[in-house]
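Working notes, beginning with the structure itself.
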Amino acid sequence: GGSVTAANVGPYALAAGDTLIVDTDAISPTTATFTATAATRATTPDGPFDLANNDTLTVKINQGAVQTITFVTGDFSNIDAATAAEVADKINDVIVGAKASVNGAKVQIISDRLGTGSYVEVTGGTSNTALQFSTAEIQGTGNVSDVKAVTVAEVKTVVEAAVTGVTVTNVSGAARITRNTTGTGATVQVDASSSADDELGFDNAVHAGSAGGVVDTLQITGKTDGTYAHQFKSRVE
């Protein structure tokens, strides 16, 4: 069947919600969507928070090394009543791979990674008595590990799950989509309305399979019935 090969090699920097819309046999386009959300952990109570000088918060992002944020009196107008915005600002001064923001009057820590490889884990620290972050690891969601680094294997999983009758293969690091049936009517096309076609480097042309060719044959028939003719041997030079 027809096939189309990406001009770019993986991994591919996509965005959550990006699509590949694949049309097979010029009948009906089917959408494969790349989904991804970031791991997020928020304080249990609303601010302000009763902190103390040199209180700490320890955090792991994306299952990396423990990072320590130390709060000191000079970080706040009143450390005994630290606002959510002040706490978030201090976290952002130190943390790597994530950011803190204010949601209502809560502080939330959000991984910079979107996908199933996104994790936030508050492991402890003296400030957590007041902040009350859950210490359970939380994971992002989606059908890729990191939407900014989507592998060909992940493209295969996402596209084949959505689009019937195609196979995705890895060709020298690039994704190739092939129609599973044969003949000139077995076509595949990545629609121009896709949002991930540019990142992968797919063109938007219709790619058709080829017609089967005629194969020359030679038939030899035994002169008599029975097994005698089974002993016949031929050689073509």
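Chain lettering (A, B, ...) mirrors the order of the structure tokens, residue numbering begins at 1 for each chain separately, and ligand numbering begins at 1 in order of display.
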> Any idea what's packed within 9 Å of stretch 153-155 of chain A, counting only C-alpha atoms, ignoring anything in its chain fewer than 4 positions away? Could you give it as a list of chain:residue names?
Replying inline: A:Phe34, A:Asn143, A:Val144, A:Ser145, A:Val159, A:Glu160, A:Val168, A:Thr169, A:Asn170, A:Ala175
>> According to DSSP computed on the backbone, where in stretch 14-232 of chain A is there alpha helix (DSSP H)? Give the residues as an MDAnalysis selection string.
In response: chainID A and resid 84:94 128:131 152:162 197:200
> Please, what distance in Å, to one decimal, runs between atom CA of A:Ala82 and atom CA of A:Gly47?
Replying inline: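 Rounded to one decimal, the two atoms are 7.1 Å apart.
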> Nearest to A:Phe133: which of A:Thr43, A:Ser111, A:Thr157, A:Ser195 is it, counting only C-alpha atoms?
Replying inline: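 Once distances to A:Phe133 are computed over only C-alpha atoms, the minimum belongs to A:Thr43.
The environment of A:Val87 within 10 Å, counting only C-alpha atoms and disregarding residues fewer than 6 places along the same chain, consists of Gly47, Pro48, Phe49, Leu51, Phe71, Asp75, Phe76, Ile79, Ala100, Ser101, Val102, Lys106, Val107, Gln108 and Leu131 of chain A.
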Just write the chosen residues, N, CA, C and O atoms, as an mmCIF file, in the first residue's frame.
```
data_model
loop_
_atom_site.group_PDB
_atom_site.id
_atom_site.type_symbol
_atom_site.label_atom_id
_atom_site.label_comp_id
_atom_site.auth_asym_id
_atom_site.auth_seq_id
_atom_site.Cartn_x
_atom_site.Cartn_y
_atom_site.Cartn_z
ATOM 1 N N GLY A 47 -3.485 29.981 51.810
ATOM 2 C CA GLY A 47 -2.618 30.903 52.535
ATOM 3 C C GLY A 47 -3.455 31.952 53.248
ATOM 4 O O GLY A 47 -4.662 32.060 52.992
ATOM 5 N N PRO A 48 -2.846 32.721 54.157
ATOM 6 C CA PRO A 48 -1.416 32.759 54.466
ATOM 7 C C PRO A 48 -0.968 31.573 55.313
ATOM 8 O O PRO A 48 -1.789 30.884 55.932
ATOM 9 N N PHE A 49 0.371 31.386 55.346
ATOM 10 C CA PHE A 49 0.965 30.236 56.013
ATOM 11 C C PHE A 49 1.897 30.701 57.130
ATOM 12 O O PHE A 49 2.668 31.644 56.956
ATOM 13 N N LEU A 51 4.962 30.279 58.688
ATOM 14 C CA LEU A 51 6.287 29.702 58.516
ATOM 15 C C LEU A 51 7.251 30.269 59.554
ATOM 16 O O LEU A 51 6.914 31.200 60.288
ATOM 17 N N PHE A 71 13.190 28.784 53.287
ATOM 18 C CA PHE A 71 12.484 30.060 53.476
ATOM 19 C C PHE A 71 13.142 30.829 54.615
ATOM 20 O O PHE A 71 13.369 30.272 55.693
ATOM 21 N N ASP A 75 12.369 36.848 52.954
ATOM 22 C CA ASP A 75 11.582 36.516 51.761
ATOM 23 C C ASP A 75 10.145 37.014 51.855
ATOM 24 O O ASP A 75 9.421 37.002 50.847
ATOM 25 N N PHE A 76 9.729 37.475 53.060
ATOM 26 C CA PHE A 76 8.306 37.751 53.298
ATOM 27 C C PHE A 76 8.119 39.087 54.006
ATOM 28 O O PHE A 76 8.989 39.535 54.750
ATOM 29 N N ILE A 79 6.757 36.589 57.864
ATOM 30 C CA ILE A 79 6.923 35.153 57.665
ATOM 31 C C ILE A 79 5.892 34.346 58.440
ATOM 32 O O ILE A 79 5.582 33.203 58.084
ATOM 33 N N ALA A 100 6.152 27.189 40.381
ATOM 34 C CA ALA A 100 5.099 27.337 41.385
ATOM 35 C C ALA A 100 4.189 28.486 40.957
ATOM 36 O O ALA A 100 4.635 29.473 40.382
ATOM 37 N N SER A 101 2.914 28.338 41.252
ATOM 38 C CA SER A 101 1.953 29.394 40.941
ATOM 39 C C SER A 101 0.891 29.409 42.024
ATOM 40 O O SER A 101 0.839 28.530 42.895
ATOM 41 N N VAL A 102 0.046 30.418 41.953
ATOM 42 C CA VAL A 102 -1.034 30.564 42.941
ATOM 43 C C VAL A 102 -2.344 30.208 42.263
ATOM 44 O O VAL A 102 -2.674 30.715 41.193
ATOM 45 N N LYS A 106 -4.086 28.940 47.226
ATOM 46 C CA LYS A 106 -3.196 27.793 47.406
ATOM 47 C C LYS A 106 -1.953 27.967 46.551
ATOM 48 O O LYS A 106 -1.976 28.642 45.520
ATOM 49 N N VAL A 107 -0.873 27.326 46.974
ATOM 50 C CA VAL A 107 0.349 27.265 46.176
ATOM 51 C C VAL A 107 0.368 25.921 45.462
ATOM 52 O O VAL A 107 0.130 24.878 46.079
ATOM 53 N N GLN A 108 0.630 25.940 44.159
ATOM 54 C CA GLN A 108 0.743 24.683 43.435
ATOM 55 C C GLN A 108 2.089 24.615 42.724
ATOM 56 O O GLN A 108 2.610 25.617 42.242
ATOM 57 N N LEU A 131 2.370 24.153 55.163
ATOM 58 C CA LEU A 131 1.920 24.111 53.767
ATOM 59 C C LEU A 131 1.045 22.893 53.479
ATOM 60 O O LEU A 131 0.128 22.960 52.662
#
```
> Closest to A:Val171 among A:Val4, A:Thr37, A:Asp80, A:Gln132, using only C-alpha atoms?
Replying inline: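 Residue with the minimum atom-to-atom distance to A:Val171: A:Val4.
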>> Need to verify the contact set: A:Ala39, 12 Å, only C-alpha atoms, exclusion of same-chain residues closer than 5 positions in sequence. Can you return it as a ChimeraX atom specification?
In response: /A:60-63,97-100,108-122,136-142,145-146
> Could you work out how far atom CA of A:Ala52 lies from atom CA of A:Ala81, giving the answer in Å with one decimal?
Replying inline: 9.7 Å
>> Please determine, counting only C-alpha atoms, which residue among A:Ala26, A:Ala32, A:Ala84, A:Val66 has the shortest atom-to-atom distance to A:Gln189.
In response: A:Ala26
>> From a backbone DSSP assignment, name each residue in stretch 74-128 of chain A labelled strand (DSSP E or B), as a PyMOL selection string.
In response: chain A and resi 82+98-103+106-114+119-124
Dump of N, CA, C and O atoms for the selected residues, as an mmCIF file, in the first residue's frame:
```cif
data_model
loop_
_atom_site.group_PDB
_atom_site.id
_atom_site.type_symbol
_atom_site.label_atom_id
_atom_site.label_comp_id
_atom_site.auth_asym_id
_atom_site.auth_seq_id
_atom_site.Cartn_x
_atom_site.Cartn_y
_atom_site.Cartn_z
ATOM 1 N N ALA A 82 2.855 34.209 55.749
ATOM 2 C CA ALA A 82 3.398 34.227 54.381
ATOM 3 C C ALA A 82 2.268 34.025 53.379
ATOM 4 O O ALA A 82 1.474 33.086 53.502
ATOM 5 N N ALA A 98 10.370 22.756 37.158
ATOM 6 C CA ALA A 98 8.983 22.972 37.544
ATOM 7 C C ALA A 98 8.789 24.445 37.851
ATOM 8 O O ALA A 98 9.749 25.225 37.869
ATOM 9 N N LYS A 99 7.558 24.816 38.089
ATOM 10 C CA LYS A 99 7.267 26.193 38.500
ATOM 11 C C LYS A 99 6.175 26.151 39.555
ATOM 12 O O LYS A 99 5.366 25.214 39.625
ATOM 13 N N ALA A 100 6.152 27.189 40.381
ATOM 14 C CA ALA A 100 5.099 27.337 41.385
ATOM 15 C C ALA A 100 4.189 28.486 40.957
ATOM 16 O O ALA A 100 4.635 29.473 40.382
ATOM 17 N N SER A 101 2.914 28.338 41.252
ATOM 18 C CA SER A 101 1.953 29.394 40.941
ATOM 19 C C SER A 101 0.891 29.409 42.024
ATOM 20 O O SER A 101 0.839 28.530 42.895
ATOM 21 N N VAL A 102 0.046 30.418 41.953
ATOM 22 C CA VAL A 102 -1.034 30.564 42.941
ATOM 23 C C VAL A 102 -2.344 30.208 42.263
ATOM 24 O O VAL A 102 -2.674 30.715 41.193
ATOM 25 N N ASN A 103 -3.089 29.325 42.901
ATOM 26 C CA ASN A 103 -4.416 28.933 42.426
ATOM 27 C C ASN A 103 -5.399 29.230 43.548
ATOM 28 O O ASN A 103 -5.460 28.498 44.528
ATOM 29 N N LYS A 106 -4.086 28.940 47.226
ATOM 30 C CA LYS A 106 -3.196 27.793 47.406
ATOM 31 C C LYS A 106 -1.953 27.967 46.551
ATOM 32 O O LYS A 106 -1.976 28.642 45.520
ATOM 33 N N VAL A 107 -0.873 27.326 46.974
ATOM 34 C CA VAL A 107 0.349 27.265 46.176
ATOM 35 C C VAL A 107 0.368 25.921 45.462
ATOM 36 O O VAL A 107 0.130 24.878 46.079
ATOM 37 N N GLN A 108 0.630 25.940 44.159
ATOM 38 C CA GLN A 108 0.743 24.683 43.435
ATOM 39 C C GLN A 108 2.089 24.615 42.724
ATOM 40 O O GLN A 108 2.610 25.617 42.242
ATOM 41 N N ILE A 109 2.651 23.406 42.702
ATOM 42 C CA ILE A 109 3.910 23.142 42.019
ATOM 43 C C ILE A 109 3.585 22.298 40.799
ATOM 44 O O ILE A 109 2.963 21.237 40.912
ATOM 45 N N ILE A 110 4.017 22.775 39.615
ATOM 46 C CA ILE A 110 3.661 22.142 38.351
ATOM 47 C C ILE A 110 4.937 21.774 37.606
ATOM 48 O O ILE A 110 5.792 22.624 37.353
ATOM 49 N N SER A 111 5.074 20.503 37.235
ATOM 50 C CA SER A 111 6.223 20.074 36.447
ATOM 51 C C SER A 111 6.219 20.768 35.094
ATOM 52 O O SER A 111 5.165 21.022 34.505
ATOM 53 N N ASP A 112 7.415 21.072 34.586
ATOM 54 C CA ASP A 112 7.538 21.651 33.251
ATOM 55 C C ASP A 112 7.260 20.620 32.156
ATOM 56 O O ASP A 112 7.027 20.979 31.004
ATOM 57 N N ARG A 113 7.309 19.345 32.500
ATOM 58 C CA ARG A 113 7.094 18.277 31.523
ATOM 59 C C ARG A 113 5.620 17.901 31.484
ATOM 60 O O ARG A 113 4.951 17.847 32.516
ATOM 61 N N LEU A 114 5.118 17.661 30.279
ATOM 62 C CA LEU A 114 3.739 17.214 30.105
ATOM 63 C C LEU A 114 3.745 15.794 29.563
ATOM 64 O O LEU A 114 4.394 15.507 28.556
ATOM 65 N N TYR A 119 6.358 14.152 36.848
ATOM 66 C CA TYR A 119 6.132 13.788 38.252
ATOM 67 C C TYR A 119 6.432 14.973 39.167
ATOM 68 O O TYR A 119 7.345 15.751 38.894
ATOM 69 N N VAL A 120 5.655 15.075 40.235
ATOM 70 C CA VAL A 120 5.961 15.984 41.343
ATOM 71 C C VAL A 120 5.818 15.183 42.629
ATOM 72 O O VAL A 120 4.803 14.501 42.837
ATOM 73 N N GLU A 121 6.837 15.272 43.472
ATOM 74 C CA GLU A 121 6.783 14.607 44.776
ATOM 75 C C GLU A 121 7.385 15.532 45.833
ATOM 76 O O GLU A 121 8.572 15.826 45.797
ATOM 77 N N VAL A 122 6.557 16.003 46.733
ATOM 78 C CA VAL A 122 7.038 16.752 47.893
ATOM 79 C C VAL A 122 7.447 15.720 48.936
ATOM 80 O O VAL A 122 6.615 14.944 49.411
ATOM 81 N N THR A 123 8.740 15.675 49.249
ATOM 82 C CA THR A 123 9.236 14.625 50.138
ATOM 83 C C THR A 123 9.242 15.037 51.603
ATOM 84 O O THR A 123 9.423 14.187 52.483
ATOM 85 N N GLY A 124 9.053 16.332 51.888
ATOM 86 C CA GLY A 124 9.016 16.751 53.289
ATOM 87 C C GLY A 124 9.546 18.159 53.476
ATOM 88 O O GLY A 124 9.399 19.014 52.619
#
```
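The residue that comes closest to A:Thr151, out of A:Gly17, A:Gly183, A:Gly173, A:Gly165 and on the basis of only C-alpha atoms, is A:Gly173.
Closest approach to A:Ala192 among A:Val22, A:Ile27, A:Ile95, A:Ala42: A:Val22, based on only C-alpha atoms.
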